[in-house]
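Chemist: Contents of work-v8.txt (compact mmCIF, C-alpha atoms and all ligand atoms):
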```
# COMPACT_ATOMS: atom_id res chain seq x y z
CA MET A 1 0.00 0.00 0.00
CA SER A 2 1.29 3.48 -0.82
CA ALA A 3 2.06 6.04 1.91
CA LYS A 4 -0.66 8.59 2.58
CA ILE A 5 -0.40 11.91 0.78
CA LYS A 6 -1.29 15.17 2.48
CA ILE A 7 -4.03 17.11 0.70
CA GLY A 8 -5.02 20.75 1.03
CA ALA A 9 -8.24 22.05 -0.51
CA LEU A 10 -9.58 25.42 -1.62
CA ILE A 11 -13.34 25.91 -1.88
CA SER A 12 -15.78 28.76 -2.45
CA GLY A 13 -19.20 27.26 -1.78
CA GLY A 14 -21.10 24.22 -0.58
CA GLY A 15 -18.18 21.82 -0.74
CA THR A 16 -19.88 18.63 -1.93
CA ASN A 17 -16.68 17.70 -3.80
CA LEU A 18 -14.71 18.44 -0.65
CA GLN A 19 -17.03 16.05 1.20
CA ALA A 20 -16.48 13.33 -1.42
CA ILE A 21 -12.71 13.73 -1.00
CA ILE A 22 -12.87 13.72 2.80
CA ASP A 23 -15.09 10.59 2.74
CA SER A 24 -12.75 8.87 0.28
CA CYS A 25 -9.76 9.60 2.51
CA GLU A 26 -11.63 8.26 5.50
CA SER A 27 -12.81 5.10 3.71
CA GLY A 28 -9.39 4.37 2.20
CA LYS A 29 -10.44 4.99 -1.44
CA ILE A 30 -7.79 7.72 -1.39
CA ASP A 31 -4.48 6.99 0.30
CA GLY A 32 -4.47 10.46 1.74
CA GLU A 33 -5.51 12.81 4.51
CA MET A 34 -6.90 16.32 4.35
CA VAL A 35 -4.64 18.75 6.16
CA PHE A 36 -6.37 22.08 5.54
CA VAL A 37 -9.31 23.73 3.80
CA GLY A 38 -9.08 27.33 2.65
CA THR A 39 -11.61 29.61 1.05
CA ASP A 40 -11.92 33.00 -0.61
CA ASN A 41 -15.40 33.31 0.88
CA PRO A 42 -15.78 33.47 4.68
CA GLU A 43 -19.45 32.43 4.28
CA ALA A 44 -18.65 29.24 2.36
CA LYS A 45 -20.93 26.49 3.67
CA GLY A 46 -18.26 23.91 2.93
CA LEU A 47 -16.22 25.19 5.90
CA LYS A 48 -18.72 23.44 8.18
CA ARG A 49 -17.75 20.16 6.52
CA ALA A 50 -14.11 20.78 7.40
CA ASP A 51 -15.11 21.66 10.94
CA ARG A 52 -17.17 18.46 11.32
CA HIS A 53 -14.13 16.41 10.35
CA ASN A 54 -11.70 18.39 12.54
CA ILE A 55 -9.79 19.68 9.52
CA PRO A 56 -8.18 23.11 10.07
CA TYR A 57 -9.72 25.81 7.88
CA PHE A 58 -9.23 29.47 7.07
CA ALA A 59 -10.63 32.23 4.88
CA VAL A 60 -9.05 35.04 2.88
CA ASN A 61 -11.76 37.51 1.97
CA TYR A 62 -11.10 38.13 -1.74
CA ALA A 63 -14.21 40.28 -2.23
CA GLN A 64 -13.06 42.67 0.51
CA ILE A 65 -9.55 42.94 -0.95
CA ILE A 66 -10.97 43.71 -4.40
CA LYS A 67 -13.38 46.29 -2.95
CA GLN A 68 -10.60 48.04 -0.99
CA TYR A 69 -8.47 48.17 -4.14
CA LYS A 70 -11.29 49.84 -6.07
CA GLN A 71 -11.58 52.48 -3.33
CA ASN A 72 -7.85 53.01 -2.77
CA PRO A 73 -5.67 51.35 -5.41
CA GLU A 74 -2.46 52.86 -4.01
CA ASN A 75 -2.99 51.12 -0.64
CA ILE A 76 -2.84 47.61 -2.03
CA ILE A 77 -0.43 45.35 -0.16
CA LEU A 78 1.65 43.23 -2.53
CA PRO A 79 4.26 40.61 -1.74
CA ASP A 80 7.85 41.88 -2.18
CA ASP A 81 8.66 39.24 -4.77
CA PHE A 82 5.61 39.89 -6.97
CA ASP A 83 6.59 41.06 -10.45
CA LEU A 84 3.63 42.45 -12.41
CA ASN A 85 5.37 42.31 -15.79
CA GLU A 86 6.36 38.70 -15.26
CA ALA A 87 2.79 37.80 -14.27
CA ILE A 88 1.39 39.59 -17.34
CA GLU A 89 3.88 37.79 -19.56
CA LYS A 90 3.07 34.34 -18.15
CA GLN A 91 -0.71 34.55 -17.70
CA ASN A 92 -2.97 33.02 -20.31
CA PHE A 93 -6.38 34.29 -19.20
CA PHE A 94 -6.36 37.42 -21.30
CA SER A 95 -5.16 37.89 -24.86
CA PRO A 96 -2.27 40.38 -25.24
CA ASP A 97 -4.58 42.98 -26.84
CA TYR A 98 -7.02 42.94 -23.87
CA CYS A 99 -7.26 46.20 -21.88
CA TYR A 100 -3.96 46.59 -19.95
CA GLU A 101 -5.64 48.30 -16.94
CA LYS A 102 -8.06 45.40 -16.51
CA ILE A 103 -5.30 42.79 -16.67
CA LYS A 104 -3.24 44.83 -14.21
CA ASN A 105 -6.13 45.29 -11.77
CA PHE A 106 -6.95 41.60 -11.95
CA LEU A 107 -3.38 40.46 -11.30
CA LEU A 108 -2.70 42.98 -8.51
CA THR A 109 -5.83 42.17 -6.53
CA ARG A 110 -5.46 38.40 -6.97
CA ALA A 111 -1.75 38.42 -6.07
CA SER A 112 -2.51 40.48 -2.97
CA ALA A 113 -5.14 37.94 -1.91
CA GLU A 114 -2.90 35.02 -2.89
CA ALA A 115 -0.05 36.30 -0.72
CA ARG A 116 -2.41 36.03 2.25
CA LEU A 117 -3.55 32.59 1.14
CA LEU A 118 0.09 31.49 0.90
CA GLU A 119 0.80 32.76 4.42
CA LYS A 120 -1.90 30.42 5.71
CA ILE A 121 -1.19 27.51 3.36
CA ASN A 122 2.51 27.55 4.15
CA LEU A 123 1.76 26.63 7.74
CA TYR A 124 0.99 23.14 6.45
CA ASP A 125 3.06 20.47 4.83
CA PHE A 126 1.14 19.11 1.81
CA ASP A 127 1.68 17.14 -1.40
CA LEU A 128 -1.39 18.12 -3.40
CA LEU A 129 -3.63 21.17 -3.53
CA VAL A 130 -7.14 20.45 -4.83
CA LEU A 131 -9.48 23.16 -6.03
CA ALA A 132 -12.94 21.90 -5.14
CA GLY A 133 -15.36 24.51 -6.44
CA PHE A 134 -12.84 27.32 -5.88
CA MET A 135 -14.25 30.10 -8.04
CA ARG A 136 -11.12 32.27 -8.31
CA ASN A 137 -8.49 32.09 -11.00
CA LEU A 138 -4.96 31.61 -9.67
CA THR A 139 -2.20 33.83 -11.01
CA PRO A 140 1.23 32.60 -12.17
CA TYR A 141 2.61 34.13 -8.94
CA PHE A 142 0.66 31.68 -6.77
CA ILE A 143 0.98 28.72 -9.13
CA ASP A 144 4.78 29.00 -9.25
CA LYS A 145 4.97 29.07 -5.45
CA ILE A 146 3.12 25.73 -5.23
CA ASN A 147 4.31 24.02 -8.43
CA THR A 148 8.00 24.26 -7.68
CA ASP A 149 8.69 21.11 -9.73
CA HIS A 150 7.32 21.88 -13.21
CA GLU A 151 7.57 18.24 -14.29
CA ASN A 152 5.28 17.21 -11.45
CA PRO A 153 2.42 19.67 -11.08
CA CYS A 154 0.48 19.43 -7.84
CA ILE A 155 -2.56 21.70 -8.17
CA MET A 156 -5.70 19.94 -9.44
CA ASN A 157 -9.05 21.39 -10.40
CA ILE A 158 -12.46 19.94 -11.17
CA HIS A 159 -14.45 21.63 -13.90
CA PRO A 160 -18.14 21.07 -14.68
CA ALA A 161 -17.80 20.42 -18.44
CA LEU A 162 -15.97 18.22 -20.89
CA LEU A 163 -12.96 20.45 -21.46
CA PRO A 164 -11.77 21.97 -23.68
CA ALA A 165 -15.46 22.75 -24.30
CA PHE A 166 -17.03 25.33 -22.02
CA PRO A 167 -14.26 26.65 -19.77
CA GLY A 168 -15.29 29.45 -17.37
CA VAL A 169 -17.68 29.90 -14.50
CA ASP A 170 -20.80 28.05 -15.67
CA GLY A 171 -19.83 24.78 -17.32
CA TYR A 172 -23.15 22.95 -16.84
CA GLY A 173 -25.16 26.03 -17.80
CA ASP A 174 -23.11 26.51 -20.96
CA THR A 175 -23.41 22.79 -21.84
CA PHE A 176 -27.20 22.86 -21.33
CA ARG A 177 -27.83 26.11 -23.21
CA TYR A 178 -25.75 24.92 -26.16
CA GLY A 179 -28.11 21.97 -26.55
CA CYS A 180 -25.49 19.28 -25.94
CA ARG A 181 -26.72 15.68 -25.73
CA VAL A 182 -23.79 14.72 -23.52
CA GLY A 183 -22.39 16.64 -20.55
CA GLY A 184 -19.52 15.85 -18.27
CA CYS A 185 -16.83 16.91 -15.87
CA THR A 186 -13.06 17.11 -16.09
CA VAL A 187 -10.22 16.92 -13.58
CA HIS A 188 -7.05 18.63 -14.75
CA PHE A 189 -3.83 20.11 -13.49
CA ILE A 190 -3.76 23.89 -13.27
CA ASP A 191 -1.69 25.91 -15.72
CA TYR A 192 -1.53 29.66 -16.42
CA GLY A 193 -4.77 29.71 -18.43
CA GLU A 194 -8.45 29.33 -17.65
CA ASP A 195 -9.35 25.63 -17.27
CA SER A 196 -6.68 24.87 -19.87
CA GLY A 197 -4.23 22.60 -18.00
CA PRO A 198 -3.39 18.95 -18.75
CA ILE A 199 -6.43 16.66 -18.42
CA ILE A 200 -6.25 13.84 -15.88
CA GLY A 201 -9.73 12.35 -16.14
CA GLN A 202 -13.23 12.92 -17.47
CA LYS A 203 -16.67 11.42 -16.96
CA SER A 204 -19.75 11.98 -19.09
CA PHE A 205 -23.50 11.56 -18.85
CA TYR A 206 -26.40 11.75 -21.29
CA ILE A 207 -28.67 14.77 -21.32
CA GLU A 208 -32.18 13.47 -22.03
CA LYS A 209 -34.73 15.55 -23.90
CA ASN A 210 -36.75 16.43 -20.80
CA ASP A 211 -33.76 17.21 -18.58
CA THR A 212 -33.69 20.66 -16.99
CA LEU A 213 -30.54 22.57 -16.08
CA ASP A 214 -31.01 21.35 -12.50
CA ASP A 215 -31.10 17.74 -13.73
CA VAL A 216 -27.85 18.35 -15.62
CA LYS A 217 -26.21 19.81 -12.51
CA ILE A 218 -27.30 16.85 -10.37
CA LYS A 219 -26.10 14.29 -12.94
CA GLY A 220 -22.83 16.19 -13.27
CA LEU A 221 -22.13 16.50 -9.56
CA GLU A 222 -22.74 12.77 -9.08
CA LYS A 223 -20.03 12.12 -11.69
CA GLU A 224 -17.72 14.67 -10.03
CA TRP A 225 -17.95 12.91 -6.67
CA GLU A 226 -16.66 9.72 -8.35
CA LEU A 227 -14.11 11.30 -10.66
CA TYR A 228 -12.24 13.62 -8.28
CA PRO A 229 -11.36 10.91 -5.69
CA GLU A 230 -10.29 8.56 -8.53
CA CYS A 231 -7.92 11.17 -9.97
CA ILE A 232 -6.54 12.06 -6.53
CA GLN A 233 -5.88 8.37 -5.87
CA LEU A 234 -3.89 8.16 -9.14
CA PHE A 235 -1.78 11.05 -7.83
CA ALA A 236 -1.41 9.33 -4.44
CA GLN A 237 -0.19 6.19 -6.20
CA ASN A 238 2.33 8.30 -8.13
CA ARG A 239 0.78 7.15 -11.41
CA LEU A 240 0.47 10.56 -13.10
CA LYS A 241 3.24 11.84 -15.33
CA THR A 242 3.14 14.89 -17.61
CA LYS A 243 4.71 14.81 -21.05
CA LYS A 244 5.25 17.60 -23.58
CA MET A 245 3.97 16.57 -27.00
CA SER A 246 4.50 18.25 -30.38
CA TYR A 247 2.51 17.35 -33.44
CA THR A 248 2.89 18.61 -36.99
CA LEU A 249 -0.63 19.18 -38.21
CA ASP A 250 0.09 19.99 -41.83
CA ASN A 251 3.09 21.36 -43.62
CA ASN A 252 3.62 24.43 -41.50
CA THR A 253 1.60 24.24 -38.33
CA PHE A 254 2.58 22.69 -35.02
CA PHE A 255 0.48 21.76 -32.03
CA ASN A 256 2.28 21.72 -28.68
CA ARG A 257 0.53 20.36 -25.65
CA THR A 258 1.45 18.97 -22.26
CA ILE A 259 -0.58 15.85 -21.62
CA VAL A 260 -0.95 13.51 -18.64
CA LEU A 261 0.15 9.90 -18.96
CA ILE A 262 -1.31 7.40 -16.50
CA LYS A 263 1.21 4.74 -15.47
C1 LIG B 1 -18.79 21.95 -8.97
O1 LIG B 1 -19.75 21.69 -9.95
C2 LIG B 1 -17.44 22.23 -9.60
O2 LIG B 1 -17.20 21.46 -10.76
C3 LIG B 1 -17.57 23.69 -9.96
O3 LIG B 1 -18.24 24.26 -8.86
C4 LIG B 1 -19.08 23.28 -8.25
C5 LIG B 1 -18.73 23.23 -6.79
O4 LIG B 1 -19.61 22.41 -6.09
N1 LIG B 1 -16.30 24.31 -10.16
C6 LIG B 1 -16.11 25.27 -11.04
O5 LIG B 1 -16.98 25.72 -11.75
C7 LIG B 1 -14.68 25.78 -11.08
N2 LIG B 1 -14.54 26.73 -12.13
P1 LIG B 1 -19.28 21.97 -4.61
O6 LIG B 1 -18.92 23.25 -3.83
O7 LIG B 1 -20.56 21.38 -4.12
O8 LIG B 1 -18.15 21.00 -4.66
```
Please rewrite the model in this file as structure tokens.
Ligand code: GAR
Modeler:
Amino acid sequence: MSAKIKIGALISGGGTNLQAIIDSCESGKIDGEMVFVGTDNPEAKGLKRADRHNIPYFAVNYAQIIKQYKQNPENIILPDDFDLNEAIEKQNFFSPDYCYEKIKNFLLTRASAEARLLEKINLYDFDLLVLAGFMRNLTPYFIDKINTDHENPCIMNIHPALLPAFPGVDGYGDTFRYGCRVGGCTVHFIDYGEDSGPIIGQKSFYIEKNDTLDDVKIKGLEKEWELYPECIQLFAQNRLKTKKMSYTLDNNTFFNRTIVLIK
């Protein structure tokens, strides 16, 4: 049997995925233990789940930090080693021609919040950080602090759609409104873009003609609760390896992509 990994989680809301992960650790489906739960939202209901299982938890109030920045941008507290130009260069959320002020405001406020998250997170020793309904994009500043070994990324996310279709904040809503006959969820490693990192696992379900958006969400969440623990267990068993691939599509175009191999 493999040694237990230490898992930290970030959540924003109800935390049903968090619960599935906690239960899987407790039942032995995951060779792991939860060592902390953090949130950007002090009201997150999922914190009660951490509390019930005696898992330490903390909140960094992102909304307050963003509001204070809007009122007094010059008072923002940034970490000494944060380099705005480097973050702009690395990030993949916004295209280079997107409004500079908006990119700057986004990166400054998130890095300020992330520095506080890191202060709390760094109190714990952990092997894997799981985003379980964490509704904030992470900047390259934060990602590089956690992913110190680029060959072995250790931040996972679960997304409510079959990526690369429907990235963003409303995966099931986008799937339903598009009229898809199949929906699904994806677990992937985080990279510098929005829901664009290497895919670890996916599960799908049929959308029947009478299904409502609520039906789609329920079907999707049930798949998430199976998929996330399975992917975390692959990590715990050290069975995930990333590999950079290059394909020549036709005479002049190349497609480069980091993919996950499962050993
Ligand atoms: C889940 O559907 C998860 O896939 C989604 O938020 C929900 C959280 O539910 N995550 C995202 O959309 C991330 N961009 P939960 O709090 O009950 O686990």
Chemist: Using all atoms listed in the file, which residue out of A:Val60, A:Val35, A:Ala132, A:Leu261 lies closest to ligand LIG 1 (chain B)?
Modeler: A:Ala132
Chemist: Just the number, please: distance in Å from CA of His53 in chain A to CA of Glu33 in chain A, one decimal.
Modeler: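 A separation of 11.0 Å between them.
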Chemist: A:Phe58, A:Tyr247, A:Tyr69, A:Tyr172: which is nearest Leu108 in chain A, counting all atoms listed in the file?
Modeler: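 So, comparing all the options, the nearest one is A:Tyr69.
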Chemist: Have a look at CA of Ile158 in chain A and CA of Gly13 in chain A and let me know their distance in Å, one decimal.
Modeler: 13.7 Å
Chemist: Once you count all atoms listed in the file, which residues end up within 7 Å of ligand LIG 1 (chain B), and could you hand them over as an mmCIF file with C-alpha atoms, keeping the file's coordinate frame?
Modeler:
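Written file, part_28.cif:
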```cif
data_model
loop_
_atom_site.group_PDB
_atom_site.id
_atom_site.type_symbol
_atom_site.label_atom_id
_atom_site.label_comp_id
_atom_site.auth_asym_id
_atom_site.auth_seq_id
_atom_site.Cartn_x
_atom_site.Cartn_y
_atom_site.Cartn_z
ATOM 1 C CA ILE A 11 -13.340 25.910 -1.880
ATOM 2 C CA SER A 12 -15.780 28.760 -2.450
ATOM 3 C CA GLY A 13 -19.200 27.260 -1.780
ATOM 4 C CA GLY A 14 -21.100 24.220 -0.580
ATOM 5 C CA GLY A 15 -18.180 21.820 -0.740
ATOM 6 C CA THR A 16 -19.880 18.630 -1.930
ATOM 7 C CA ASN A 17 -16.680 17.700 -3.800
ATOM 8 C CA LEU A 18 -14.710 18.440 -0.650
ATOM 9 C CA GLY A 46 -18.260 23.910 2.930
ATOM 10 C CA ALA A 132 -12.940 21.900 -5.140
ATOM 11 C CA GLY A 133 -15.360 24.510 -6.440
ATOM 12 C CA PHE A 134 -12.840 27.320 -5.880
ATOM 13 C CA MET A 135 -14.250 30.100 -8.040
ATOM 14 C CA ILE A 158 -12.460 19.940 -11.170
ATOM 15 C CA HIS A 159 -14.450 21.630 -13.900
ATOM 16 C CA PRO A 160 -18.140 21.070 -14.680
ATOM 17 C CA GLY A 168 -15.290 29.450 -17.370
ATOM 18 C CA VAL A 169 -17.680 29.900 -14.500
ATOM 19 C CA ASP A 170 -20.800 28.050 -15.670
ATOM 20 C CA GLY A 171 -19.830 24.780 -17.320
ATOM 21 C CA CYS A 185 -16.830 16.910 -15.870
ATOM 22 C CA LEU A 221 -22.130 16.500 -9.560
ATOM 23 C CA GLU A 224 -17.720 14.670 -10.030
#
```
Chemist: Quote the spacing between CA of Asp215 in chain A and CA of Ala44 in chain A in Å to one decimal place.
Modeler: 23.4 Å
Chemist: Which residue, A:Asn210, A:Thr39, A:Asn256, A:Ser196, has the smallest gap to Leu117 in chain A when you use only C-alpha atoms?
Modeler: A:Thr39
Chemist: Ranking A:Asn251, A:Ser204, A:Gln71, A:Gln91 by minimum distance to Thr175 in chain A and counting all atoms listed in the file, which one comes first?
Modeler: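 Result for the nearest residue to Thr175 in chain A: A:Ser204.
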Chemist: Point out the residue among A:Pro42, A:Gly220, A:Pro56, A:Pro164 with the least atom-to-atom distance to Gly183 in chain A, counting only C-alpha atoms.
Modeler: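 Counting only C-alpha atoms, the residue closest to Gly183 in chain A is A:Gly220.
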Chemist: Could you tell me which of A:Ala59, A:Ala165, A:Ile155, A:Cys180 comes closest to Lys120 in chain A if we count all atoms listed in the file?
Modeler: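 Under the stated criterion, the closest residue is A:Ala59.
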Chemist: Could you complete range 114-149 of chain A so that it carries N, CA and C atoms, and give it back as a CSV table (one decimal), in the coordinates of the input?
Modeler:
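Result file part_6.csv:
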```csv
chain,number,residue,atom,x,y,z
A,114,GLU,N,-3.6,36.3,-2.9
A,114,GLU,CA,-2.9,35.0,-2.9
A,114,GLU,C,-1.7,35.0,-1.9
A,115,ALA,N,-1.1,36.2,-1.7
A,115,ALA,CA,0.0,36.3,-0.7
A,115,ALA,C,-0.6,35.9,0.7
A,116,ARG,N,-1.8,36.4,0.9
A,116,ARG,CA,-2.4,36.0,2.2
A,116,ARG,C,-2.8,34.6,2.3
A,117,LEU,N,-3.3,34.0,1.2
A,117,LEU,CA,-3.6,32.6,1.1
A,117,LEU,C,-2.3,31.8,1.4
A,118,LEU,N,-1.2,32.2,0.8
A,118,LEU,CA,0.1,31.5,0.9
A,118,LEU,C,0.6,31.5,2.3
A,119,GLU,N,0.4,32.7,3.0
A,119,GLU,CA,0.8,32.8,4.4
A,119,GLU,C,0.1,31.7,5.2
A,120,LYS,N,-1.2,31.4,4.9
A,120,LYS,CA,-1.9,30.4,5.7
A,120,LYS,C,-1.5,29.0,5.2
A,121,ILE,N,-1.5,28.8,3.9
A,121,ILE,CA,-1.2,27.5,3.4
A,121,ILE,C,0.2,27.0,3.8
A,122,ASN,N,1.1,27.9,3.8
A,122,ASN,CA,2.5,27.6,4.2
A,122,ASN,C,2.7,27.1,5.6
A,123,LEU,N,1.7,27.2,6.4
A,123,LEU,CA,1.8,26.6,7.7
A,123,LEU,C,1.6,25.1,7.7
A,124,TYR,N,1.2,24.6,6.5
A,124,TYR,CA,1.0,23.1,6.4
A,124,TYR,C,1.9,22.5,5.5
A,125,ASP,N,2.3,21.3,5.8
A,125,ASP,CA,3.1,20.5,4.8
A,125,ASP,C,2.0,19.7,4.0
A,126,PHE,N,2.1,19.8,2.6
A,126,PHE,CA,1.1,19.1,1.8
A,126,PHE,C,1.8,18.7,0.5
A,127,ASP,N,1.2,17.7,-0.1
A,127,ASP,CA,1.7,17.1,-1.4
A,127,ASP,C,0.8,17.6,-2.6
A,128,LEU,N,-0.4,17.8,-2.3
A,128,LEU,CA,-1.4,18.1,-3.4
A,128,LEU,C,-2.4,19.2,-2.9
A,129,LEU,N,-2.6,20.2,-3.8
A,129,LEU,CA,-3.6,21.2,-3.5
A,129,LEU,C,-4.8,20.9,-4.5
A,130,VAL,N,-6.0,20.7,-3.9
A,130,VAL,CA,-7.1,20.4,-4.8
A,130,VAL,C,-8.1,21.6,-4.8
A,131,LEU,N,-8.5,22.1,-5.9
A,131,LEU,CA,-9.5,23.2,-6.0
A,131,LEU,C,-10.8,22.5,-6.2
A,132,ALA,N,-11.7,22.6,-5.2
A,132,ALA,CA,-12.9,21.9,-5.1
A,132,ALA,C,-14.1,22.9,-5.1
A,133,GLY,N,-14.4,23.4,-6.3
A,133,GLY,CA,-15.4,24.5,-6.4
A,133,GLY,C,-14.8,25.8,-6.0
A,134,PHE,N,-13.5,26.0,-6.2
A,134,PHE,CA,-12.8,27.3,-5.9
A,134,PHE,C,-13.0,28.2,-7.1
A,135,MET,N,-13.8,29.3,-6.9
A,135,MET,CA,-14.2,30.1,-8.0
A,135,MET,C,-13.4,31.3,-8.3
A,136,ARG,N,-12.1,31.2,-8.0
A,136,ARG,CA,-11.1,32.3,-8.3
A,136,ARG,C,-10.0,31.7,-9.2
A,137,ASN,N,-9.6,32.5,-10.2
A,137,ASN,CA,-8.5,32.1,-11.0
A,137,ASN,C,-7.2,32.4,-10.2
A,138,LEU,N,-6.3,31.5,-10.3
A,138,LEU,CA,-5.0,31.6,-9.7
A,138,LEU,C,-4.0,32.2,-10.6
A,139,THR,N,-3.2,33.2,-10.1
A,139,THR,CA,-2.2,33.8,-11.0
A,139,THR,C,-0.9,33.0,-11.1
A,140,PRO,N,-0.1,33.3,-12.1
A,140,PRO,CA,1.2,32.6,-12.2
A,140,PRO,C,2.0,32.8,-10.9
A,141,TYR,N,1.9,33.9,-10.2
A,141,TYR,CA,2.6,34.1,-8.9
A,141,TYR,C,2.3,33.0,-8.0
A,142,PHE,N,1.1,32.7,-7.7
A,142,PHE,CA,0.7,31.7,-6.8
A,142,PHE,C,1.0,30.3,-7.3
A,143,ILE,N,0.7,30.1,-8.6
A,143,ILE,CA,1.0,28.7,-9.1
A,143,ILE,C,2.5,28.3,-9.0
A,144,ASP,N,3.3,29.3,-9.3
A,144,ASP,CA,4.8,29.0,-9.2
A,144,ASP,C,5.3,28.7,-7.8
A,145,LYS,N,4.6,29.3,-6.9
A,145,LYS,CA,5.0,29.1,-5.4
A,145,LYS,C,4.6,27.6,-5.0
A,146,ILE,N,3.6,27.1,-5.6
A,146,ILE,CA,3.1,25.7,-5.2
A,146,ILE,C,3.8,24.7,-6.1
A,147,ASN,N,3.7,25.0,-7.5
A,147,ASN,CA,4.3,24.0,-8.4
A,147,ASN,C,5.8,24.3,-8.6
A,148,THR,N,6.6,24.0,-7.6
A,148,THR,CA,8.0,24.3,-7.7
A,148,THR,C,8.7,23.3,-8.6
A,149,ASP,N,8.1,22.1,-8.8
A,149,ASP,CA,8.7,21.1,-9.7
A,149,ASP,C,7.8,21.1,-11.0
```
